[in-house]
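Undergrad: Input run.csv, format and content: CSV, N, CA, C and O atoms.
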chain,number,residue,atom,x,y,z
A,1,MET,N,-161.0,-63.5,16.6
A,1,MET,CA,-161.8,-64.7,16.5
A,1,MET,C,-160.9,-65.9,16.7
A,1,MET,O,-161.3,-66.9,17.3
A,2,ALA,N,-159.6,-65.8,16.2
A,2,ALA,CA,-158.7,-67.0,16.4
A,2,ALA,C,-158.4,-67.1,17.9
A,2,ALA,O,-158.3,-68.3,18.3
A,3,ASP,N,-158.3,-66.0,18.6
A,3,ASP,CA,-158.1,-66.1,20.0
A,3,ASP,C,-159.2,-66.8,20.7
A,3,ASP,O,-159.0,-67.6,21.6
A,4,MET,N,-160.4,-66.5,20.3
A,4,MET,CA,-161.6,-67.1,20.9
A,4,MET,C,-161.6,-68.6,20.6
A,4,MET,O,-161.9,-69.4,21.5
A,5,GLU,N,-161.3,-69.0,19.4
A,5,GLU,CA,-161.3,-70.4,19.0
A,5,GLU,C,-160.2,-71.2,19.9
A,5,GLU,O,-160.4,-72.3,20.3
A,6,ALA,N,-159.0,-70.5,20.0
A,6,ALA,CA,-158.0,-71.2,20.8
A,6,ALA,C,-158.4,-71.3,22.3
A,6,ALA,O,-158.1,-72.3,22.9
A,7,SER,N,-159.1,-70.3,22.8
A,7,SER,CA,-159.6,-70.4,24.2
A,7,SER,C,-160.6,-71.5,24.3
A,7,SER,O,-160.5,-72.3,25.3
A,8,VAL,N,-161.5,-71.7,23.4
A,8,VAL,CA,-162.5,-72.8,23.5
A,8,VAL,C,-161.8,-74.1,23.4
A,8,VAL,O,-162.0,-75.0,24.2
A,9,ARG,N,-160.8,-74.2,22.5
A,9,ARG,CA,-160.1,-75.5,22.3
A,9,ARG,C,-159.3,-75.8,23.6
A,9,ARG,O,-159.3,-77.0,24.0
A,10,ASP,N,-158.7,-74.8,24.2
A,10,ASP,CA,-158.0,-75.0,25.4
A,10,ASP,C,-158.9,-75.5,26.6
A,10,ASP,O,-158.6,-76.5,27.3
A,11,LEU,N,-160.1,-74.9,26.7
A,11,LEU,CA,-161.0,-75.3,27.7
A,11,LEU,C,-161.5,-76.8,27.5
A,11,LEU,O,-161.6,-77.6,28.4
A,12,VAL,N,-161.8,-77.1,26.2
A,12,VAL,CA,-162.2,-78.5,25.9
A,12,VAL,C,-161.1,-79.5,26.2
A,12,VAL,O,-161.3,-80.5,26.8
A,13,ASN,N,-159.9,-79.1,25.8
A,13,ASN,CA,-158.7,-80.0,26.0
A,13,ASN,C,-158.5,-80.3,27.5
A,13,ASN,O,-158.0,-81.4,27.9
A,14,ARG,N,-158.8,-79.3,28.4
A,14,ARG,CA,-158.6,-79.4,29.8
A,14,ARG,C,-159.9,-79.9,30.5
A,14,ARG,O,-160.0,-79.9,31.7
A,15,ASP,N,-160.9,-80.3,29.7
A,15,ASP,CA,-162.2,-80.8,30.2
A,15,ASP,C,-162.9,-79.8,31.1
A,15,ASP,O,-163.4,-80.2,32.2
A,16,ARG,N,-162.9,-78.6,30.7
A,16,ARG,CA,-163.6,-77.5,31.4
A,16,ARG,C,-164.8,-77.1,30.7
A,16,ARG,O,-165.0,-77.3,29.5
A,17,ASP,N,-165.7,-76.4,31.4
A,17,ASP,CA,-166.9,-75.9,30.8
A,17,ASP,C,-166.6,-74.7,29.8
A,17,ASP,O,-166.0,-73.7,30.2
A,18,CYS,N,-166.9,-74.9,28.6
A,18,CYS,CA,-166.6,-73.9,27.5
A,18,CYS,C,-167.9,-73.2,27.0
A,18,CYS,O,-167.8,-72.6,25.9
A,19,THR,N,-169.0,-73.4,27.6
A,19,THR,CA,-170.3,-72.9,27.1
A,19,THR,C,-170.3,-71.4,26.8
A,19,THR,O,-170.6,-71.0,25.7
A,20,GLU,N,-169.8,-70.6,27.7
A,20,GLU,CA,-169.8,-69.2,27.6
A,20,GLU,C,-168.9,-68.8,26.4
A,20,GLU,O,-169.3,-68.0,25.5
A,21,LYS,N,-167.7,-69.3,26.3
A,21,LYS,CA,-166.8,-68.9,25.2
A,21,LYS,C,-167.3,-69.5,23.9
A,21,LYS,O,-167.2,-68.8,22.9
A,22,ALA,N,-167.9,-70.7,23.9
A,22,ALA,CA,-168.4,-71.3,22.6
A,22,ALA,C,-169.6,-70.4,22.1
A,22,ALA,O,-169.7,-70.2,20.9
A,23,LEU,N,-170.4,-70.0,23.0
A,23,LEU,CA,-171.5,-69.2,22.6
A,23,LEU,C,-171.1,-67.8,22.0
A,23,LEU,O,-171.6,-67.3,21.0
A,24,ALA,N,-170.0,-67.3,22.6
A,24,ALA,CA,-169.5,-66.0,22.1
A,24,ALA,C,-168.8,-66.2,20.8
A,24,ALA,O,-169.0,-65.4,19.9
A,25,GLN,N,-168.2,-67.4,20.6
A,25,GLN,CA,-167.6,-67.7,19.3
A,25,GLN,C,-168.6,-67.9,18.2
A,25,GLN,O,-168.5,-67.3,17.1
A,26,MET,N,-169.7,-68.5,18.5
A,26,MET,CA,-170.8,-68.7,17.6
A,26,MET,C,-171.4,-67.3,17.2
A,26,MET,O,-171.8,-67.1,16.1
A,27,GLY,N,-171.5,-66.4,18.2
A,27,GLY,CA,-172.0,-65.1,18.0
A,27,GLY,C,-171.1,-64.3,17.0
A,27,GLY,O,-171.6,-63.6,16.1
A,28,LEU,N,-169.8,-64.5,17.2
A,28,LEU,CA,-168.9,-63.8,16.2
A,28,LEU,C,-169.0,-64.4,14.8
A,28,LEU,O,-169.0,-63.7,13.8
A,29,ARG,N,-169.2,-65.7,14.7
A,29,ARG,CA,-169.4,-66.3,13.4
A,29,ARG,C,-170.7,-65.8,12.8
A,29,ARG,O,-170.7,-65.6,11.6
A,30,ARG,N,-171.8,-65.7,13.5
A,30,ARG,CA,-173.0,-65.2,13.0
A,30,ARG,C,-172.8,-63.7,12.5
A,30,ARG,O,-173.3,-63.4,11.4
A,31,LYS,N,-172.1,-62.9,13.3
A,31,LYS,CA,-171.9,-61.5,12.9
A,31,LYS,C,-171.1,-61.5,11.6
A,31,LYS,O,-171.4,-60.7,10.7
A,32,ILE,N,-170.0,-62.3,11.5
A,32,ILE,CA,-169.2,-62.3,10.2
A,32,ILE,C,-170.1,-62.7,9.1
A,32,ILE,O,-170.0,-62.1,8.0
A,33,ASN,N,-170.9,-63.8,9.2
A,33,ASN,CA,-171.8,-64.2,8.1
A,33,ASN,C,-172.8,-63.1,7.8
A,33,ASN,O,-173.1,-62.9,6.6
A,34,LEU,N,-173.3,-62.4,8.7
A,34,LEU,CA,-174.2,-61.3,8.5
A,34,LEU,C,-173.5,-60.2,7.7
A,34,LEU,O,-174.0,-59.6,6.7
A,35,LEU,N,-172.3,-59.8,8.1
A,35,LEU,CA,-171.5,-58.8,7.4
A,35,LEU,C,-171.2,-59.2,6.0
A,35,LEU,O,-171.3,-58.4,5.0
A,36,ILE,N,-170.8,-60.5,5.8
A,36,ILE,CA,-170.6,-61.0,4.4
A,36,ILE,C,-171.8,-60.9,3.6
A,36,ILE,O,-171.8,-60.5,2.4
A,37,GLY,N,-173.0,-61.3,4.2
A,37,GLY,CA,-174.3,-61.2,3.4
A,37,GLY,C,-174.6,-59.8,3.0
A,37,GLY,O,-175.0,-59.5,1.9
A,38,GLU,N,-174.4,-58.8,3.9
A,38,GLU,CA,-174.6,-57.4,3.6
A,38,GLU,C,-173.7,-56.9,2.5
A,38,GLU,O,-174.1,-56.2,1.7
A,39,TRP,N,-172.4,-57.3,2.6
A,39,TRP,CA,-171.4,-57.0,1.6
A,39,TRP,C,-171.8,-57.5,0.2
A,39,TRP,O,-171.8,-56.7,-0.7
A,40,LYS,N,-172.3,-58.7,0.2
A,40,LYS,CA,-172.7,-59.3,-1.1
A,40,LYS,C,-174.0,-58.6,-1.6
A,40,LYS,O,-174.1,-58.4,-2.8
A,41,ALA,N,-174.9,-58.3,-0.7
A,41,ALA,CA,-176.1,-57.6,-1.1
A,41,ALA,C,-175.8,-56.2,-1.7
A,41,ALA,O,-176.6,-55.7,-2.5
A,42,ALA,N,-174.7,-55.6,-1.2
A,42,ALA,CA,-174.4,-54.3,-1.6
A,42,ALA,C,-173.6,-54.3,-2.9
A,42,ALA,O,-173.1,-53.3,-3.4
A,43,GLY,N,-173.4,-55.5,-3.5
A,43,GLY,CA,-172.7,-55.6,-4.8
A,43,GLY,C,-171.3,-56.2,-4.7
A,43,GLY,O,-170.6,-56.3,-5.7
A,44,GLY,N,-170.9,-56.6,-3.5
A,44,GLY,CA,-169.6,-57.2,-3.4
A,44,GLY,C,-169.6,-58.6,-4.1
A,44,GLY,O,-170.4,-59.4,-3.8
A,45,GLY,N,-168.6,-58.7,-5.0
A,45,GLY,CA,-168.6,-60.0,-5.7
A,45,GLY,C,-167.2,-60.5,-5.8
A,45,GLY,O,-166.9,-61.6,-6.4
A,46,ASP,N,-166.2,-59.9,-5.1
A,46,ASP,CA,-164.9,-60.4,-5.1
A,46,ASP,C,-164.8,-61.7,-4.3
A,46,ASP,O,-165.7,-61.9,-3.4
A,47,VAL,N,-163.9,-62.5,-4.6
A,47,VAL,CA,-163.7,-63.8,-3.9
A,47,VAL,C,-162.9,-63.4,-2.6
A,47,VAL,O,-161.8,-62.8,-2.7
A,48,LEU,N,-163.5,-63.8,-1.5
A,48,LEU,CA,-162.9,-63.5,-0.2
A,48,LEU,C,-161.8,-64.5,0.1
A,48,LEU,O,-162.0,-65.7,-0.2
A,49,PRO,N,-160.7,-64.1,0.7
A,49,PRO,CA,-159.6,-65.0,1.0
A,49,PRO,C,-160.0,-66.0,2.0
A,49,PRO,O,-160.8,-65.7,3.0
A,50,ASP,N,-159.6,-67.3,1.9
A,50,ASP,CA,-159.8,-68.3,2.9
A,50,ASP,C,-158.6,-68.4,3.7
A,50,ASP,O,-157.6,-67.7,3.5
A,51,VAL,N,-158.5,-69.3,4.7
A,51,VAL,CA,-157.4,-69.5,5.5
A,51,VAL,C,-156.1,-69.8,4.8
A,51,VAL,O,-155.1,-69.3,5.0
A,52,ARG,N,-156.2,-70.7,3.8
A,52,ARG,CA,-155.0,-71.0,3.0
A,52,ARG,C,-154.4,-69.8,2.3
A,52,ARG,O,-153.2,-69.7,2.3
A,53,ASP,N,-155.3,-69.0,1.7
A,53,ASP,CA,-154.8,-67.8,1.1
A,53,ASP,C,-154.1,-66.8,2.1
A,53,ASP,O,-153.1,-66.3,1.8
A,54,ARG,N,-154.7,-66.7,3.2
A,54,ARG,CA,-154.1,-65.8,4.2
A,54,ARG,C,-152.8,-66.3,4.7
A,54,ARG,O,-151.9,-65.5,4.9
A,55,VAL,N,-152.7,-67.6,4.9
A,55,VAL,CA,-151.4,-68.1,5.4
A,55,VAL,C,-150.3,-67.9,4.3
A,55,VAL,O,-149.2,-67.6,4.6
A,56,ARG,N,-150.7,-68.2,3.1
A,56,ARG,CA,-149.8,-68.1,2.0
A,56,ARG,C,-149.3,-66.6,1.8
A,56,ARG,O,-148.2,-66.4,1.4
A,57,LEU,N,-150.1,-65.6,2.1
A,57,LEU,CA,-149.8,-64.2,1.9
A,57,LEU,C,-149.0,-63.6,3.1
A,57,LEU,O,-148.5,-62.5,3.0
A,58,ARG,N,-148.9,-64.4,4.2
A,58,ARG,CA,-148.1,-63.9,5.3
A,58,ARG,C,-146.7,-63.7,5.0
A,58,ARG,O,-146.1,-64.6,4.3
A,59,PRO,N,-146.0,-62.7,5.5
A,59,PRO,CA,-144.6,-62.6,5.2
A,59,PRO,C,-143.8,-63.7,6.0
A,59,PRO,O,-144.2,-64.0,7.1
A,60,VAL,N,-142.8,-64.2,5.4
A,60,VAL,CA,-142.0,-65.2,6.0
A,60,VAL,C,-141.1,-64.6,7.0
A,60,VAL,O,-140.4,-63.6,6.7
A,61,LYS,N,-141.1,-65.1,8.3
A,61,LYS,CA,-140.2,-64.5,9.3
A,61,LYS,C,-138.9,-65.1,9.1
A,61,LYS,O,-138.7,-66.3,8.9
A,62,THR,N,-137.9,-64.3,9.2
A,62,THR,CA,-136.5,-64.7,9.2
A,62,THR,C,-136.0,-64.8,10.6
A,62,THR,O,-136.2,-63.8,11.4
A,63,SER,N,-135.3,-65.8,10.9
A,63,SER,CA,-134.8,-65.9,12.3
A,63,SER,C,-133.3,-65.7,12.2
A,63,SER,O,-132.6,-66.0,11.3
A,64,THR,N,-132.8,-65.2,13.3
A,64,THR,CA,-131.3,-64.9,13.4
A,64,THR,C,-130.7,-66.2,13.9
A,64,THR,O,-131.3,-67.1,14.5
A,65,ASN,N,-129.4,-66.3,13.7
A,65,ASN,CA,-128.7,-67.5,14.1
A,65,ASN,C,-128.5,-67.4,15.6
A,65,ASN,O,-127.9,-66.4,16.1
A,66,PRO,N,-129.1,-68.3,16.4
A,66,PRO,CA,-129.0,-68.1,17.9
A,66,PRO,C,-127.6,-68.2,18.5
A,66,PRO,O,-127.3,-67.5,19.5
A,67,VAL,N,-126.7,-68.9,17.8
A,67,VAL,CA,-125.4,-68.9,18.3
A,67,VAL,C,-124.7,-67.5,18.2
A,67,VAL,O,-124.1,-67.1,19.1
A,68,ARG,N,-124.9,-66.9,17.1
A,68,ARG,CA,-124.4,-65.5,16.9
A,68,ARG,C,-125.0,-64.5,17.9
A,68,ARG,O,-124.4,-63.6,18.4
A,69,ALA,N,-126.3,-64.7,18.1
A,69,ALA,CA,-127.0,-63.8,19.0
A,69,ALA,C,-126.5,-63.9,20.4
A,69,ALA,O,-126.4,-62.9,21.1
A,70,ILE,N,-126.2,-65.1,20.9
A,70,ILE,CA,-125.7,-65.3,22.2
A,70,ILE,C,-124.2,-64.7,22.3
A,70,ILE,O,-123.8,-64.2,23.3
A,71,ALA,N,-123.5,-64.9,21.2
A,71,ALA,CA,-122.1,-64.5,21.2
A,71,ALA,C,-122.0,-63.0,21.4
A,71,ALA,O,-121.0,-62.4,21.9
A,72,ARG,N,-123.0,-62.2,20.9
A,72,ARG,CA,-123.0,-60.8,21.0
A,72,ARG,C,-123.2,-60.3,22.4
A,72,ARG,O,-122.8,-59.1,22.7
A,73,CYS,N,-123.8,-61.0,23.3
A,73,CYS,CA,-124.1,-60.6,24.6
A,73,CYS,C,-122.9,-60.3,25.4
A,73,CYS,O,-121.8,-60.5,25.5
Could I get this structure in the form of structure tokens?
TA:
Amino acid sequence: MADMEASVRDLVNRDRDCTEKALAQMGLRRKINLLIGEWKAAGGGDVLPDVRDRVRLRPVKTSTNPVRAIARC
């Protein structure tokens, strides 16, 4: 879904027609809402993570020192 959103954003920023991609994105959102509704109807009551929770739970990437990496070559 994030790829679809980025694609739509890119098309809009370049002033291109994004109708097809935007409709596909809206279809994905409808499908997610339907799945969440079915999950809740089946007794799901847990709090679903939002974007802030997901970003906070991502592992922190450690970067290597580029100077040392070049020196090894």
Undergrad: Name all residues at most 7 Å from range 1-16 of chain A (count only N, CA, C and O atoms; drop same-chain ones fewer than 4 positions away) and give them as an MDAnalysis selection string.
TA: chainID A and resid 21:22 25
Undergrad: Kindly give the distance, in Å, that separates atom N of Pro59 in chain A and CA of Leu34 in chain A, rounded to a single decimal.
TA: 28.4 Å
Undergrad: For range 47-58 of chain A, please output as a PyMOL selection string all residues within 12 Å (counting only C-alpha atoms; exclusion window: fewer than 6 positions along the same chain).
TA: chain A and resi 2+36+39-40
Undergrad: Mind giving me the straight-line distance from CA of Gly44 in chain A to atom C of Lys31 in chain A in Å, one decimal?
TA: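 Rounded to one decimal, the two atoms are 15.7 Å apart.
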Undergrad: Running DSSP on the backbone, which parts of chain A land in alpha helix (DSSP H), as number ranges by chain?
TA: A: 2-13, 19-41, 51-57, 66-72
Undergrad: Between CA of Arg29 in chain A and atom O of Asp17 in chain A, measure the distance and give it in Å to one decimal.
TA: 18.7 Å
